[in-house]
file target.tsv (TSV, C-alpha atoms and all ligand atoms)
chain	number	residue	atom	x	y	z
S	1	MET	CA	79.00	126.15	116.93
S	2	LYS	CA	81.77	126.09	114.32
S	3	ASN	CA	82.38	122.75	112.59
S	4	PRO	CA	85.77	121.19	113.40
S	5	SER	CA	88.32	121.17	110.59
S	6	TYR	CA	90.62	118.44	109.30
S	7	CYS	CA	93.62	118.22	107.01
S	8	ILE	CA	95.17	115.11	105.46
S	9	VAL	CA	98.89	114.90	104.75
S	10	THR	CA	99.60	112.04	102.34
S	11	PHE	CA	102.96	110.38	101.85
S	12	GLY	CA	103.78	107.77	99.22
S	13	CYS	CA	102.04	106.32	96.21
S	14	ALA	CA	98.80	106.73	94.26
S	15	ALA	CA	97.20	104.01	96.41
S	16	ASN	CA	97.73	106.21	99.48
S	17	GLU	CA	96.29	109.19	97.58
S	18	ALA	CA	93.17	107.18	96.78
S	19	ASP	CA	92.90	106.05	100.41
S	20	SER	CA	93.11	109.69	101.50
S	21	GLU	CA	90.17	110.56	99.22
S	22	ARG	CA	88.04	108.01	101.10
S	23	ILE	CA	89.31	109.18	104.50
S	24	ALA	CA	88.22	112.71	103.50
S	25	SER	CA	84.75	111.37	102.87
S	26	LEU	CA	84.69	109.76	106.31
S	27	TYR	CA	85.50	113.10	107.93
S	28	GLN	CA	83.00	115.13	105.85
S	29	ASN	CA	80.30	112.63	106.87
S	30	ARG	CA	81.15	113.34	110.49
S	31	GLY	CA	80.65	117.08	109.90
S	32	PHE	CA	84.30	118.11	109.60
S	33	ILE	CA	85.41	120.79	107.12
S	34	GLN	CA	88.53	120.22	105.03
S	35	VAL	CA	91.36	122.78	105.17
S	36	SER	CA	94.47	122.64	103.02
S	37	ASP	CA	96.75	124.28	105.59
S	38	ALA	CA	97.81	121.78	108.25
S	39	ASN	CA	98.43	124.70	110.65
S	40	GLN	CA	94.72	125.57	110.60
S	41	ALA	CA	93.38	122.06	111.26
S	42	ASP	CA	91.77	120.84	114.47
S	43	GLU	CA	92.58	117.30	113.42
S	44	LEU	CA	95.53	116.21	111.29
S	45	ILE	CA	95.48	112.84	109.57
S	46	ILE	CA	98.88	111.58	108.45
S	47	ASN	CA	98.67	108.89	105.77
S	48	THR	CA	102.05	107.20	106.05
S	49	CYS	CA	104.38	105.36	103.67
S	50	MET	CA	107.11	102.92	104.71
S	51	ILE	CA	108.59	102.00	101.37
S	52	ARG	CA	111.81	103.84	102.28
S	53	GLU	CA	113.31	104.94	105.55
S	54	SER	CA	113.30	108.57	104.38
S	55	ALA	CA	109.49	108.49	103.97
S	56	GLU	CA	109.15	107.12	107.50
S	57	ASN	CA	111.49	109.78	108.89
S	58	ARG	CA	109.41	112.54	107.33
S	59	VAL	CA	106.45	111.32	109.38
S	60	TYR	CA	108.48	111.46	112.61
S	61	GLY	CA	109.67	114.97	111.66
S	62	LEU	CA	106.10	116.15	111.11
S	63	ILE	CA	104.91	114.71	114.43
S	64	ASN	CA	107.85	116.31	116.18
S	65	ASN	CA	106.83	119.73	114.81
S	66	LEU	CA	103.25	119.15	115.98
S	67	LYS	CA	104.58	118.31	119.43
S	68	LYS	CA	106.32	121.71	119.50
S	69	ASP	CA	103.05	123.40	118.40
S	70	ARG	CA	101.25	121.68	121.26
S	71	GLN	CA	103.87	122.88	123.71
S	72	LYS	CA	103.08	126.41	122.51
S	73	GLY	CA	99.41	125.85	123.32
S	74	ARG	CA	97.93	124.61	120.03
S	75	LYS	CA	95.11	122.13	120.36
S	76	ILE	CA	95.34	119.50	117.66
S	77	ARG	CA	94.29	115.87	117.45
S	78	ILE	CA	96.80	113.67	115.57
S	79	VAL	CA	95.66	110.59	113.67
S	80	VAL	CA	98.12	108.27	111.93
S	81	THR	CA	97.01	105.86	109.22
S	82	GLY	CA	98.48	104.09	106.15
S	83	CYS	CA	101.43	101.73	105.93
S	84	MET	CA	102.81	102.22	109.44
S	85	VAL	CA	99.50	101.29	111.00
S	86	GLY	CA	99.09	98.40	108.54
S	87	LEU	CA	102.41	96.96	109.68
S	88	MET	CA	101.57	97.48	113.33
S	89	VAL	CA	98.18	95.79	113.29
S	90	LYS	CA	99.40	92.82	111.26
S	91	ASP	CA	102.21	92.09	113.72
S	92	LYS	CA	100.54	89.58	116.02
S	93	SER	CA	103.34	89.79	118.60
S	94	GLY	CA	102.32	93.38	119.40
S	95	LYS	CA	106.01	94.37	119.40
S	96	LEU	CA	105.65	96.85	116.55
S	97	MET	CA	102.54	98.39	118.08
S	98	ARG	CA	104.50	99.07	121.27
S	99	ALA	CA	107.53	100.35	119.33
S	100	PHE	CA	105.48	102.82	117.23
S	101	ARG	CA	103.53	104.02	120.28
S	102	GLN	CA	106.80	104.65	122.08
S	103	LYS	CA	108.24	106.50	119.08
S	104	MET	CA	105.11	108.63	118.60
S	105	PRO	CA	103.46	109.14	122.02
S	106	GLU	CA	101.80	112.33	120.68
S	107	VAL	CA	99.53	110.33	118.35
S	108	ASP	CA	95.90	110.21	119.53
S	109	GLU	CA	94.65	107.52	117.16
S	110	PHE	CA	96.15	104.85	114.89
S	111	LEU	CA	93.56	104.25	112.16
S	112	PRO	CA	93.86	101.00	110.15
S	113	ILE	CA	92.92	101.71	106.54
S	114	GLU	CA	90.76	98.57	106.50
S	115	GLU	CA	88.36	100.42	108.80
S	116	VAL	CA	87.80	102.96	106.03
S	117	GLY	CA	87.16	100.24	103.41
S	118	PHE	CA	86.35	100.55	99.70
S	119	SER	CA	82.59	101.04	99.95
S	120	ILE	CA	82.76	104.68	101.03
S	121	ALA	CA	82.44	107.18	98.13
S	122	PRO	CA	85.70	109.16	97.89
S	123	ILE	CA	85.97	112.94	97.79
S	124	ARG	CA	88.04	113.37	94.67
S	125	SER	CA	90.88	115.83	94.50
S	126	GLY	CA	90.79	115.98	90.68
S	127	TYR	CA	87.84	117.03	88.50
S	128	LYS	CA	88.89	115.43	85.22
S	129	ASN	CA	90.99	112.44	86.27
S	130	ALA	CA	89.77	110.01	88.90
S	131	LEU	CA	91.76	107.36	90.76
S	132	VAL	CA	89.92	104.05	90.91
S	133	PRO	CA	91.43	101.37	93.18
S	134	ILE	CA	90.94	97.89	91.76
S	135	SER	CA	92.94	95.88	94.27
S	136	ASN	CA	94.88	96.24	97.47
S	137	GLY	CA	97.87	94.36	98.85
S	138	CYS	CA	100.47	92.15	97.26
S	139	ASN	CA	101.42	88.46	97.20
S	140	ASN	CA	104.79	88.79	95.53
S	141	TYR	CA	107.09	89.28	98.52
S	142	CYS	CA	110.01	90.93	96.77
S	143	SER	CA	112.71	90.55	99.41
S	144	TYR	CA	113.29	94.31	99.90
S	145	CYS	CA	109.65	95.37	100.05
S	146	VAL	CA	107.53	96.01	103.11
S	147	VAL	CA	104.22	96.38	101.23
S	148	PRO	CA	102.98	92.75	101.66
S	149	TYR	CA	103.42	93.29	105.42
S	150	THR	CA	101.78	96.72	105.54
S	151	ARG	CA	98.88	96.14	103.14
S	152	GLY	CA	98.58	92.37	103.45
S	153	ALA	CA	97.65	89.81	100.81
S	154	GLU	CA	96.20	90.96	97.50
S	155	ILE	CA	92.44	91.43	97.50
S	156	SER	CA	90.68	92.42	94.30
S	157	ARG	CA	87.57	94.57	94.32
S	158	PRO	CA	84.46	93.03	92.78
S	159	TYR	CA	84.47	93.43	88.99
S	160	LYS	CA	80.97	94.94	88.81
S	161	GLU	CA	81.69	97.40	91.61
S	162	ILE	CA	84.67	98.80	89.65
S	163	LEU	CA	82.67	99.10	86.43
S	164	ASN	CA	79.81	100.83	88.26
S	165	GLU	CA	82.21	103.30	89.82
S	166	CYS	CA	83.65	104.09	86.37
S	167	ARG	CA	80.16	104.60	84.91
S	168	GLU	CA	79.23	106.93	87.78
S	169	LEU	CA	82.41	108.91	87.23
S	170	ILE	CA	81.62	109.39	83.55
S	171	LYS	CA	78.12	110.62	84.46
S	172	LYS	CA	79.74	113.19	86.75
S	173	GLY	CA	81.94	114.45	83.89
S	174	TYR	CA	85.22	112.63	84.51
S	175	THR	CA	86.98	111.78	81.26
S	176	GLU	CA	90.17	110.16	82.52
S	177	ILE	CA	90.47	107.18	84.82
S	178	THR	CA	93.58	105.78	86.47
S	179	LEU	CA	93.20	102.23	87.75
S	180	ILE	CA	95.39	101.66	90.76
S	181	GLY	CA	96.73	98.79	92.80
S	182	GLN	CA	100.12	97.47	93.90
S	183	ASN	CA	99.97	95.08	90.91
S	184	VAL	CA	97.01	96.02	88.74
S	185	ASN	CA	97.73	93.27	86.24
S	186	SER	CA	97.34	90.57	88.91
S	187	TYR	CA	93.73	91.74	89.23
S	188	GLY	CA	91.25	88.94	89.88
S	189	ALA	CA	93.75	86.10	90.45
S	190	ASP	CA	92.54	85.88	94.06
S	191	PHE	CA	88.96	85.20	92.90
S	192	PHE	CA	90.11	81.77	91.75
S	193	ILE	CA	91.56	80.68	95.04
S	194	LYS	CA	89.23	80.19	97.95
S	195	LYS	CA	91.23	80.59	101.11
S	196	GLY	CA	91.99	77.39	102.99
S	197	LYS	CA	90.57	75.08	100.32
S	198	GLU	CA	93.43	73.15	98.80
S	199	SER	CA	91.01	71.39	96.44
S	200	ALA	CA	89.97	74.75	95.00
S	201	LYS	CA	93.63	75.60	94.42
S	202	GLN	CA	94.03	72.48	92.32
S	203	GLU	CA	91.15	73.44	90.04
S	204	VAL	CA	93.06	76.52	88.92
S	205	THR	CA	95.16	76.35	85.78
S	206	TYR	CA	98.52	77.99	86.31
S	207	VAL	CA	100.65	79.35	83.50
S	208	LYS	CA	104.37	79.88	83.66
S	209	HIS	CA	105.30	83.43	82.75
S	210	LEU	CA	108.71	84.99	83.36
S	211	GLY	CA	109.82	82.37	85.83
S	212	LYS	CA	106.72	82.26	88.01
S	213	TYR	CA	103.62	80.10	87.92
S	214	ARG	CA	100.71	82.52	87.72
S	215	ILE	CA	96.95	82.33	87.48
S	216	PRO	CA	95.78	84.06	84.27
S	217	THR	CA	94.24	87.28	85.53
S	218	LEU	CA	91.10	89.26	84.70
S	219	PHE	CA	92.94	92.52	84.14
S	220	PRO	CA	92.98	92.39	80.31
S	221	GLN	CA	89.21	91.86	80.33
S	222	LEU	CA	88.59	94.61	82.89
S	223	LEU	CA	90.80	97.08	81.02
S	224	LYS	CA	89.09	96.27	77.73
S	225	GLU	CA	85.63	96.78	79.21
S	226	ILE	CA	86.53	100.06	80.92
S	227	SER	CA	88.24	101.49	77.85
S	228	GLY	CA	85.06	100.68	75.89
S	229	LEU	CA	82.88	102.89	78.12
S	230	LYS	CA	81.46	105.84	76.18
S	231	GLY	CA	82.65	109.22	77.42
S	232	LEU	CA	86.14	108.24	78.48
S	233	GLU	CA	89.12	109.84	76.77
S	234	LYS	CA	91.98	108.21	78.65
S	235	VAL	CA	92.56	105.12	80.76
S	236	ASP	CA	95.78	104.73	82.70
S	237	PHE	CA	96.92	102.14	85.20
S	238	ILE	CA	99.61	101.92	87.83
S	239	SER	CA	101.52	99.81	88.75
S	240	SER	CA	101.93	96.65	86.74
S	241	ASN	CA	104.39	93.81	87.27
S	242	PRO	CA	106.41	92.00	84.60
S	243	TRP	CA	105.05	88.56	85.60
S	244	ASP	CA	101.44	89.26	84.70
S	245	PHE	CA	102.12	91.32	81.58
S	246	SER	CA	100.55	88.75	79.29
S	247	GLU	CA	100.13	88.67	75.50
S	248	ASP	CA	96.41	89.30	76.11
S	249	LEU	CA	97.17	92.48	78.00
S	250	ILE	CA	99.54	93.77	75.32
S	251	ARG	CA	96.87	93.09	72.68
S	252	VAL	CA	94.17	94.95	74.66
S	253	ILE	CA	96.44	98.00	74.99
S	254	ALA	CA	97.44	97.88	71.33
S	255	ASP	CA	93.80	97.69	70.21
S	256	ASN	CA	92.46	100.53	72.37
S	257	GLN	CA	93.81	103.97	71.60
S	258	ILE	CA	92.51	105.59	74.79
S	259	ILE	CA	94.67	103.32	76.95
S	260	THR	CA	97.92	104.92	78.05
S	261	ARG	CA	100.97	104.62	75.83
S	262	THR	CA	103.29	105.10	78.80
S	263	ILE	CA	103.67	101.74	80.48
S	264	HIS	CA	105.21	101.62	83.92
S	265	LEU	CA	107.14	98.38	84.27
S	266	PRO	CA	109.32	98.12	87.38
S	267	LEU	CA	112.76	96.67	86.62
S	268	GLN	CA	114.55	97.11	90.00
S	269	SER	CA	117.83	95.63	88.72
S	270	GLY	CA	119.39	94.65	85.41
S	271	ASP	CA	121.51	91.91	86.94
S	272	ASN	CA	120.24	88.34	87.16
S	273	ASP	CA	121.85	87.50	90.51
S	274	VAL	CA	120.55	90.67	92.12
S	275	LEU	CA	117.08	90.02	90.71
S	276	LYS	CA	117.15	86.56	92.25
S	277	LYS	CA	118.17	87.95	95.64
S	278	MET	CA	115.35	90.45	95.30
S	279	ASN	CA	112.95	87.52	94.73
S	280	ARG	CA	111.96	88.94	91.35
S	281	TRP	CA	111.60	85.89	89.18
S	282	TYR	CA	112.48	87.21	85.77
S	283	THR	CA	115.86	87.51	84.16
S	284	ARG	CA	117.24	90.56	82.36
S	285	GLU	CA	116.79	88.64	79.10
S	286	GLU	CA	113.10	87.98	79.84
S	287	TYR	CA	112.53	91.59	80.82
S	288	LEU	CA	114.13	92.77	77.57
S	289	ASP	CA	112.05	90.30	75.62
S	290	LEU	CA	108.88	91.75	77.17
S	291	ILE	CA	110.03	95.29	76.34
S	292	SER	CA	110.66	94.26	72.78
S	293	LYS	CA	107.10	92.83	72.51
S	294	LEU	CA	105.65	96.05	73.92
S	295	LYS	CA	107.65	98.18	71.48
S	296	THR	CA	106.78	96.03	68.49
S	297	GLN	CA	103.08	95.65	69.19
S	298	ILE	CA	102.24	99.10	70.64
S	299	PRO	CA	103.43	101.88	68.33
S	300	LYS	CA	104.81	104.98	70.12
S	301	VAL	CA	104.88	103.22	73.49
S	302	SER	CA	107.19	104.67	76.12
S	303	ILE	CA	108.36	102.78	79.17
S	304	SER	CA	108.95	104.13	82.66
S	305	THR	CA	110.36	102.09	85.50
S	306	ASP	CA	111.48	101.71	89.12
S	307	ILE	CA	115.10	100.89	89.95
S	308	ILE	CA	116.80	100.24	93.27
S	309	VAL	CA	120.51	101.02	93.57
S	310	GLY	CA	122.81	99.68	96.28
S	311	PHE	CA	120.81	96.57	97.12
S	312	CYS	CA	122.61	94.23	99.56
S	313	GLY	CA	125.92	93.10	98.04
S	314	GLU	CA	125.40	94.83	94.66
S	315	SER	CA	128.85	94.94	93.04
S	316	ASP	CA	130.07	97.55	90.55
S	317	GLU	CA	129.73	94.98	87.80
S	318	GLN	CA	126.16	94.14	88.79
S	319	PHE	CA	125.29	97.84	88.82
S	320	GLU	CA	126.89	98.16	85.36
S	321	ASN	CA	124.49	95.48	84.13
S	322	THR	CA	121.61	97.73	85.21
S	323	VAL	CA	123.19	100.69	83.40
S	324	LYS	CA	123.62	98.62	80.24
S	325	LEU	CA	120.02	97.40	80.34
S	326	CYS	CA	118.74	100.95	80.81
S	327	LYS	CA	120.69	102.04	77.74
S	328	ILE	CA	119.11	99.27	75.68
S	329	VAL	CA	115.54	100.05	76.80
S	330	GLY	CA	115.76	103.86	76.75
S	331	PHE	CA	113.32	104.46	79.61
S	332	SER	CA	111.35	107.69	79.40
S	333	LYS	CA	111.48	108.07	83.17
S	334	ALA	CA	112.77	106.14	86.15
S	335	TYR	CA	111.95	106.32	89.83
S	336	ILE	CA	115.36	105.51	91.23
S	337	SER	CA	115.59	104.57	94.89
S	338	ILE	CA	118.56	104.23	97.13
S	339	TYR	CA	118.11	100.88	98.88
S	340	SER	CA	117.11	101.19	102.50
S	341	ASP	CA	116.65	98.32	104.88
S	342	ARG	CA	112.97	97.89	105.82
S	343	PRO	CA	111.69	96.03	108.88
S	344	ALA	CA	109.91	92.69	108.46
S	345	THR	CA	111.31	92.05	104.96
S	346	GLN	CA	113.31	88.99	103.91
S	347	ALA	CA	116.27	91.19	102.90
S	348	HIS	CA	116.28	92.65	106.42
S	349	LYS	CA	116.38	89.14	107.89
S	350	ILE	CA	118.85	87.49	105.49
S	351	PHE	CA	121.14	90.04	103.85
S	352	LYS	CA	123.47	92.77	105.01
S	353	ASP	CA	122.78	96.33	103.92
S	354	ASP	CA	126.48	96.62	103.14
S	355	ILE	CA	126.84	99.15	100.32
S	356	PRO	CA	128.18	102.45	101.68
S	357	PHE	CA	125.82	105.39	101.25
S	358	VAL	CA	128.35	107.32	99.12
S	359	VAL	CA	128.45	104.43	96.65
S	360	LYS	CA	124.64	104.19	96.58
S	361	LYS	CA	124.40	107.94	95.98
S	362	TYR	CA	127.06	107.77	93.24
S	363	ARG	CA	125.11	105.03	91.44
S	364	TRP	CA	121.85	106.93	91.92
S	365	ASN	CA	123.44	109.99	90.29
S	366	ILE	CA	124.63	108.02	87.29
S	367	LEU	CA	121.16	106.64	86.53
S	368	GLU	CA	119.39	109.90	87.38
S	369	LYS	CA	121.57	111.84	84.94
S	370	MET	CA	121.35	109.18	82.29
S	371	ILE	CA	117.57	108.67	82.36
S	372	ASN	CA	115.86	111.64	84.00
S	373	LYS	CA	118.24	114.53	83.31
S	374	PRO	CA	120.11	113.57	80.14
S	375	ASN	CA	120.76	117.22	79.28
S	376	LEU	CA	122.94	117.64	82.36
S	377	LYS	CA	125.57	115.43	80.74
S	378	HIS	CA	126.40	118.20	78.30
S	379	LYS	CA	126.79	120.96	80.88
S	401	LIG	S1	105.47	93.46	93.59
S	401	LIG	FE1	107.23	93.48	94.96
S	401	LIG	S2	107.81	95.67	95.02
S	401	LIG	FE2	105.72	95.60	94.25
S	401	LIG	S3	104.42	95.86	96.08
S	401	LIG	FE3	104.67	93.64	95.74
S	401	LIG	S4	106.39	93.05	97.01
S	401	LIG	FE4	106.46	95.28	96.80
call {"tool": "encode", "arguments": {"input": "target.tsv", "output": "structure tokens"}}
result
Amino acid sequence: MKNPSYCIVTFGCAANEADSERIASLYQNRGFIQVSDANQADELIINTCMIRESAENRVYGLINNLKKDRQKGRKIRIVVTGCMVGLMVKDKSGKLMRAFRQKMPEVDEFLPIEEVGFSIAPIRSGYKNALVPISNGCNNYCSYCVVPYTRGAEISRPYKEILNECRELIKKGYTEITLIGQNVNSYGADFFIKKGKESAKQEVTYVKHLGKYRIPTLFPQLLKEISGLKGLEKVDFISSNPWDFSEDLIRVIADNQIITRTIHLPLQSGDNDVLKKMNRWYTREEYLDLISKLKTQIPKVSISTDIIVGFCGESDEQFENTVKLCKIVGFSKAYISIYSDRPATQAHKIFKDDIPFVVKKYRWNILEKMINKPNLKHK
């Protein structure tokens, strides 16, 4: 009898890509064979992203096409996993579960990513560069972001487990490692807080950095140890947050040549009032100060970023502040998003998504041309 086949369609970030590599392993262990063409698969796994409405709509579009295939007689099992399922299972009221089931009645299984876990060995899509998850989830609750509700609170992987995975990868011939997590530089902070024990919380020493009280994290140490492993040529990490970008971390990067010289540091807005509404507790001045430290201490560093345009109530003047900040920094690349209202978030509950789409698109174009396509200005 022929083995059944599966195909994984992945939306979203590197964390989803890494999750898909472990899902692939789950299917191979069950005797399935991977195919790259979704039209040839007996089972299609859709790893979803909810960061923007457009990503969510692409999932509905795909499922709608599969529904049409089924009407023409195709037999296919549809499995949905990733952020949508994360949000559904964490909603204790069951409302979202019912809403998603109603929206996607064709889906045969909703697979929570927690059921796949970290312990399963991934089937890697690359042969030189490997993605190594070091943490999952986020505790920062930026007001526009659905991730803390889809992936839950931040949980760091055990230190030794990460190091062992890196050593195994080197033995297999991998020379480049990308450490991934929603906030890699918060790595290990959760080890110091035992859930539910207030007394344990008090034993922790907090430091104030860019407006937030933070627990000094283990990321600088982990990065230093990994970059010291023999056989590695490059160590990258994504994504980091401004709050936990400590002096220690800058020093570790500066001292280790194999660590990336392209630092991704999400800005989101260059205006202090917008940043506050976004619940991002740094000011434009503090962000610029951090950039200046990076540029001074790490020769040839380049900085990429994430920016949201058209956040609730963003005025022309506030947007101009973002433009001005971008000019000062000179980002090498920016992932610019048009703000879209996401369920469950604080912005969804408190603010009005009141910037017309044409204005959002206009602002997006300005930044896109300025940062990502500067040559277009001269055409
Ligand atoms: S730091 Fe903010 S934007 Fe990033 S995942 Fe957490 S809540 Fe979302």
call {"tool": "closest_atom_pairs", "arguments": {"input": "target.tsv", "of": "chain S", "to": "ligand LIG 401 (chain S)", "cutoff": "10 Å", "atoms": "all atoms listed in the file", "output": "JSON lines"}}
result
{"residue": "S:Ile51", "atom": "CA", "partner": "S:LIG401", "partner_atom": "FE4", "distance": 8.4}
{"residue": "S:Asn136", "atom": "CA", "partner": "S:LIG401", "partner_atom": "S3", "distance": 9.6}
{"residue": "S:Gly137", "atom": "CA", "partner": "S:LIG401", "partner_atom": "S3", "distance": 7.3}
{"residue": "S:Cys138", "atom": "CA", "partner": "S:LIG401", "partner_atom": "FE3", "distance": 4.7}
{"residue": "S:Asn139", "atom": "CA", "partner": "S:LIG401", "partner_atom": "FE3", "distance": 6.3}
{"residue": "S:Asn140", "atom": "CA", "partner": "S:LIG401", "partner_atom": "S4", "distance": 4.8}
{"residue": "S:Tyr141", "atom": "CA", "partner": "S:LIG401", "partner_atom": "S4", "distance": 4.1}
{"residue": "S:Cys142", "atom": "CA", "partner": "S:LIG401", "partner_atom": "FE1", "distance": 4.2}
{"residue": "S:Ser143", "atom": "CA", "partner": "S:LIG401", "partner_atom": "S4", "distance": 7.2}
{"residue": "S:Tyr144", "atom": "CA", "partner": "S:LIG401", "partner_atom": "S2", "distance": 7.5}
{"residue": "S:Cys145", "atom": "CA", "partner": "S:LIG401", "partner_atom": "FE4", "distance": 4.6}
{"residue": "S:Val146", "atom": "CA", "partner": "S:LIG401", "partner_atom": "FE4", "distance": 6.4}
{"residue": "S:Val147", "atom": "CA", "partner": "S:LIG401", "partner_atom": "FE4", "distance": 5.1}
{"residue": "S:Pro148", "atom": "CA", "partner": "S:LIG401", "partner_atom": "S4", "distance": 5.8}
{"residue": "S:Tyr149", "atom": "CA", "partner": "S:LIG401", "partner_atom": "S4", "distance": 8.9}
{"residue": "S:Thr150", "atom": "CA", "partner": "S:LIG401", "partner_atom": "S3", "distance": 9.9}
{"residue": "S:Arg151", "atom": "CA", "partner": "S:LIG401", "partner_atom": "S3", "distance": 9.0}
{"residue": "S:Gly152", "atom": "CA", "partner": "S:LIG401", "partner_atom": "FE3", "distance": 9.9}
{"residue": "S:Ala153", "atom": "CA", "partner": "S:LIG401", "partner_atom": "FE3", "distance": 9.5}
{"residue": "S:Glu154", "atom": "CA", "partner": "S:LIG401", "partner_atom": "FE3", "distance": 9.1}
{"residue": "S:Gly181", "atom": "CA", "partner": "S:LIG401", "partner_atom": "S3", "distance": 8.9}
{"residue": "S:Gln182", "atom": "CA", "partner": "S:LIG401", "partner_atom": "S3", "distance": 5.1}
{"residue": "S:Asn183", "atom": "CA", "partner": "S:LIG401", "partner_atom": "S1", "distance": 6.3}
{"residue": "S:Ser186", "atom": "CA", "partner": "S:LIG401", "partner_atom": "S1", "distance": 9.8}
{"residue": "S:Ser239", "atom": "CA", "partner": "S:LIG401", "partner_atom": "FE2", "distance": 8.1}
{"residue": "S:Ser240", "atom": "CA", "partner": "S:LIG401", "partner_atom": "S1", "distance": 8.3}
{"residue": "S:Asn241", "atom": "CA", "partner": "S:LIG401", "partner_atom": "S1", "distance": 6.4}
{"residue": "S:Pro242", "atom": "CA", "partner": "S:LIG401", "partner_atom": "S1", "distance": 9.2}
{"residue": "S:Trp243", "atom": "CA", "partner": "S:LIG401", "partner_atom": "S1", "distance": 9.4}
{"residue": "S:Pro266", "atom": "CA", "partner": "S:LIG401", "partner_atom": "FE2", "distance": 8.2}
{"residue": "S:Leu267", "atom": "CA", "partner": "S:LIG401", "partner_atom": "S2", "distance": 9.8}
{"residue": "S:Gln268", "atom": "CA", "partner": "S:LIG401", "partner_atom": "S2", "distance": 8.5}
{"residue": "S:Met278", "atom": "CA", "partner": "S:LIG401", "partner_atom": "FE1", "distance": 8.7}
{"residue": "S:Asn279", "atom": "CA", "partner": "S:LIG401", "partner_atom": "FE1", "distance": 8.3}
{"residue": "S:Arg280", "atom": "CA", "partner": "S:LIG401", "partner_atom": "FE1", "distance": 7.5}
{"residue": "S:Asp306", "atom": "CA", "partner": "S:LIG401", "partner_atom": "S2", "distance": 9.2}
{"residue": "S:Thr345", "atom": "CA", "partner": "S:LIG401", "partner_atom": "S4", "distance": 9.4}
call {"tool": "atom_distance", "arguments": {"input": "target.tsv", "atom1": "atom CA of S:Lys67", "atom2": "atom CA of S:Gly94"}}
result
25.0 Å
call {"tool": "residues_near_point", "arguments": {"input": "target.tsv", "point": "(124.8, 101.8, 90.5)", "cutoff": "6 Å", "atoms": "all atoms listed in the file", "output": "short mmCIF file (atom, residue, chain, number, x, y, z; two decimals) with C-alpha atoms, keeping the file's coordinate frame"}}
result
data_model
loop_
_atom_site.label_atom_id
_atom_site.label_comp_id
_atom_site.auth_asym_id
_atom_site.auth_seq_id
_atom_site.Cartn_x
_atom_site.Cartn_y
_atom_site.Cartn_z
CA VAL S 309 120.51 101.02 93.57
CA PHE S 319 125.29 97.84 88.82
CA ARG S 363 125.11 105.03 91.44
#
call {"tool": "closest_residue", "arguments": {"input": "target.tsv", "among": "S:Gly211, S:Pro216, S:Gly228, S:Gly117", "to": "S:Arg167", "atoms": "only C-alpha atoms"}}
result
S:Gly228
call {"tool": "atom_distance", "arguments": {"input": "target.tsv", "atom1": "atom CA of S:Lys276", "atom2": "atom CA of S:Val207"}}
result
20.0 Å
call {"tool": "atom_distance", "arguments": {"input": "target.tsv", "atom1": "atom CA of S:Tyr174", "atom2": "atom CA of S:Gly126"}}
result
9.0 Å
call {"tool": "closest_residue", "arguments": {"input": "target.tsv", "among": "S:Lys72, S:His209, S:Lys333, S:Lys300", "to": "S:Leu265", "atoms": "only C-alpha atoms"}}
result
S:Lys333
call {"tool": "closest_residue", "arguments": {"input": "target.tsv", "among": "S:Lys212, S:Arg157, S:Lys92, S:Lys128", "to": "S:Lys171", "atoms": "all atoms listed in the file"}}
result
S:Lys128
call {"tool": "closest_residue", "arguments": {"input": "target.tsv", "among": "S:Asp37, S:Glu314, S:Glu21, S:Glu286", "to": "S:Lys352", "atoms": "all atoms listed in the file"}}
result
S:Glu314
call {"tool": "residues_around", "arguments": {"input": "target.tsv", "residues": "S:Ile253", "least_positions_apart": "5", "cutoff": "12 Å", "atoms": "all atoms listed in the file", "output": "MDAnalysis selection string"}}
result
chainID S and resid 219:228 234:237 245:248 258:263 294:295 297:301
